[in-house]
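File shown: work.pdb. Contents: PDB, C-alpha atoms.
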```pdb
ATOM      1  CA  MET I   1     -23.621 100.176  33.142
ATOM      2  CA  ASN I   2     -21.657  97.500  34.958
ATOM      3  CA  GLN I   3     -22.600  93.873  35.727
ATOM      4  CA  GLU I   4     -24.132  94.683  39.102
ATOM      5  CA  GLN I   5     -26.285  97.473  37.679
ATOM      6  CA  PHE I   6     -27.310  95.337  34.712
ATOM      7  CA  GLY I   7     -28.320  92.463  36.981
ATOM      8  CA  GLN I   8     -30.424  94.739  39.168
ATOM      9  CA  PHE I   9     -32.060  96.374  36.153
ATOM     10  CA  TRP I  10     -32.625  93.187  34.157
ATOM     11  CA  GLU I  11     -36.300  92.617  35.029
ATOM     12  CA  GLN I  12     -37.148  96.201  34.041
ATOM     13  CA  LEU I  13     -35.209  95.834  30.783
ATOM     14  CA  ARG I  14     -36.582  92.504  29.499
ATOM     15  CA  THR I  15     -39.949  93.639  28.136
ATOM     16  CA  PRO I  16     -38.856  96.886  26.446
ATOM     17  CA  LEU I  17     -35.771  95.133  25.060
ATOM     18  CA  ASN I  18     -37.893  92.444  23.461
ATOM     19  CA  ALA I  19     -40.391  95.002  22.138
ATOM     20  CA  LYS I  20     -37.781  97.282  20.531
ATOM     21  CA  TRP I  21     -35.222  94.715  19.378
ATOM     22  CA  GLU I  22     -37.360  92.000  17.812
ATOM     23  CA  LYS I  23     -34.482  89.703  16.839
ATOM     24  CA  VAL I  24     -33.902  89.031  20.556
ATOM     25  CA  THR I  25     -36.064  86.007  21.335
ATOM     26  CA  LYS I  26     -37.673  84.840  24.572
ATOM     27  CA  GLU I  27     -35.042  82.085  24.632
ATOM     28  CA  ASP I  28     -32.325  84.758  24.369
ATOM     29  CA  LEU I  29     -33.849  86.642  27.293
ATOM     30  CA  ASP I  30     -33.927  83.433  29.332
ATOM     31  CA  GLU I  31     -30.283  82.813  28.428
ATOM     32  CA  ILE I  32     -29.176  86.328  29.408
ATOM     33  CA  GLN I  33     -30.825  86.307  32.882
ATOM     34  CA  GLY I  34     -29.152  89.542  33.956
ATOM     35  CA  ASP I  35     -25.647  88.558  32.797
ATOM     36  CA  LEU I  36     -23.998  91.455  30.973
ATOM     37  CA  ALA I  37     -21.488  89.223  29.142
ATOM     38  CA  LYS I  38     -24.283  86.979  27.846
ATOM     39  CA  PHE I  39     -26.206  90.097  26.828
ATOM     40  CA  GLY I  40     -23.252  91.152  24.689
ATOM     41  CA  SER I  41     -22.961  87.671  23.146
ATOM     42  CA  VAL I  42     -26.652  87.531  22.276
ATOM     43  CA  LEU I  43     -26.552  90.996  20.715
ATOM     44  CA  GLN I  44     -23.483  90.071  18.681
ATOM     45  CA  ARG I  45     -25.180  86.911  17.451
ATOM     46  CA  ARG I  46     -28.491  88.598  16.579
ATOM     47  CA  TYR I  47     -27.368  92.009  15.346
ATOM     48  CA  GLY I  48     -23.648  91.992  14.570
ATOM     49  CA  GLU I  49     -21.051  94.389  15.939
ATOM     50  CA  LEU I  50     -22.464  97.696  14.652
ATOM     51  CA  ASP I  51     -25.997  97.134  15.853
ATOM     52  CA  LYS I  52     -24.699  95.628  19.106
ATOM     53  CA  GLU I  53     -23.299  99.055  19.993
ATOM     54  CA  GLU I  54     -26.631 100.699  19.187
ATOM     55  CA  VAL I  55     -28.523  98.256  21.423
ATOM     56  CA  THR I  56     -25.978  98.762  24.224
ATOM     57  CA  ILE I  57     -26.419 102.545  24.032
ATOM     58  CA  TRP I  58     -30.191 102.056  24.111
ATOM     59  CA  ALA I  59     -29.901  99.841  27.220
ATOM     60  CA  ASN I  60     -27.645 102.390  28.953
ATOM     61  CA  ARG I  61     -30.164 105.135  28.213
ATOM     62  CA  ARG I  62     -32.983 103.020  29.665
ATOM     63  CA  TYR I  63     -30.891 102.403  32.775
ATOM     64  CA  SER I  64     -30.060 106.112  33.090
ATOM     65  CA  HIS I  65     -33.717 107.007  32.780
ATOM     66  CA  TRP I  66     -34.732 104.333  35.294
ATOM     67  CA  THR I  67     -32.190 105.460  37.896
ATOM     68  CA  GLY I  68     -32.239 109.180  37.109
ATOM     69  CA  ASN I  69     -28.433 109.050  36.937
ATOM     70  CA  TYR I  70     -27.238 110.458  33.613
ATOM     71  CA  ASP I  71     -23.670 111.198  34.746
ATOM     72  CA  GLY I  72     -20.957 109.238  33.010
ATOM     73  CA  TYR I  73     -22.806 108.459  29.787
ATOM     74  CA  GLN I  74     -21.395 110.279  26.765
ATOM     75  CA  ASP I  75     -24.694 110.218  24.916
ATOM     76  CA  ALA I  76     -26.262 112.026  27.873
ATOM     77  CA  GLU I  77     -23.962 115.064  27.598
ATOM     78  CA  PRO I  78     -26.201 117.027  25.158
ATOM     79  CA  PHE I  79     -29.205 116.324  27.391
ATOM     80  CA  LEU I  80     -27.354 117.423  30.514
ATOM     81  CA  ALA I  81     -26.151 120.613  28.836
ATOM     82  CA  GLN I  82     -29.667 121.430  27.701
ATOM     83  CA  HIS I  83     -31.163 120.756  31.138
ATOM     84  CA  LYS I  84     -28.386 122.165  33.292
ATOM     85  CA  GLY I  85     -29.639 122.671  36.822
ATOM     86  CA  ALA I  86     -32.815 120.666  36.253
ATOM     87  CA  VAL I  87     -31.158 117.251  36.584
TER      88      VAL I  87
END
```

Render the structure in this file as structure tokens.
Amino acid sequence: MNQEQFGQFWEQLRTPLNAKWEKVTKEDLDEIQGDLAKFGSVLQRRYGELDKEEVTIWANRRYSHWTGNYDGYQDAEPFLAQHKGAV
């Protein structure tokens, strides 16, 4: 997901992000405001490098689900193979 996509998707991501990743505070969400670089900084601060990657993958999956576009995401390859022709 690039900056433009993240910015467009931000309002749909805020609530589930806060519900799943409890270390991200309301203040963090206000700071991020659809900025992908700030998102990365907040995740690094709250979760460290390893968990930052996990949260980023989760956000990309949410975006893929929201748009219906699973192409280009490595973690989507098993899903696409399983559902070949249906997606």

Worksheet entry | Coordinates-based distance that separates atom CA of I:Gln12 from atom CA of I:Thr56 (Å, one decimal) | 15.1 Å

Discussion item. Quick one: residues within 12 Å of I:Glu54, all atoms listed in the file, excluding same-chain residues fewer than 4 positions away - as a list in words?
Written reply: Lys20, Trp21, Gly40, Leu43, Gln44, Tyr47, Gly48, Glu49, Leu50, Trp58, Ala59, Asn60, Arg61 and Asp75 of chain I

Restricting it to C-alpha atoms, dump the selection as an mmCIF file, in the coordinates of the input.
```
data_model
loop_
_atom_site.group_PDB
_atom_site.id
_atom_site.type_symbol
_atom_site.label_atom_id
_atom_site.label_comp_id
_atom_site.auth_asym_id
_atom_site.auth_seq_id
_atom_site.Cartn_x
_atom_site.Cartn_y
_atom_site.Cartn_z
ATOM 1 C CA LYS I 20 -37.781 97.282 20.531
ATOM 2 C CA TRP I 21 -35.222 94.715 19.378
ATOM 3 C CA GLY I 40 -23.252 91.152 24.689
ATOM 4 C CA LEU I 43 -26.552 90.996 20.715
ATOM 5 C CA GLN I 44 -23.483 90.071 18.681
ATOM 6 C CA TYR I 47 -27.368 92.009 15.346
ATOM 7 C CA GLY I 48 -23.648 91.992 14.570
ATOM 8 C CA GLU I 49 -21.051 94.389 15.939
ATOM 9 C CA LEU I 50 -22.464 97.696 14.652
ATOM 10 C CA TRP I 58 -30.191 102.056 24.111
ATOM 11 C CA ALA I 59 -29.901 99.841 27.220
ATOM 12 C CA ASN I 60 -27.645 102.390 28.953
ATOM 13 C CA ARG I 61 -30.164 105.135 28.213
ATOM 14 C CA ASP I 75 -24.694 110.218 24.916
#
```

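The spacing separating atom CA of I:Phe6 from atom CA of I:Leu36 amounts to 6.3 Å.
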
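Coordinates place atom CA of I:Leu13 at a distance of 8.1 Å from atom CA of I:Tyr63.
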
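When the distance limit is 12 Å and only C-alpha atoms are what count, the residues near I:Ala37, minus those fewer than 4 positions from it on the same chain, are Met1, Asn2, Gln3, Glu4, Phe6, Gly7, Glu31, Ile32, Gln33, Ser41, Val42, Leu43, Gln44 and Thr56 of chain I.
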
Discussion item. Around the point (-35.6, 88.8, 27.9) (coordinates from the file), which residues reach within 12 Å if we count all atoms listed in the file? Answer as a PyMOL selection string.
Written reply: chain I and resi 9-35+38-39+42-43
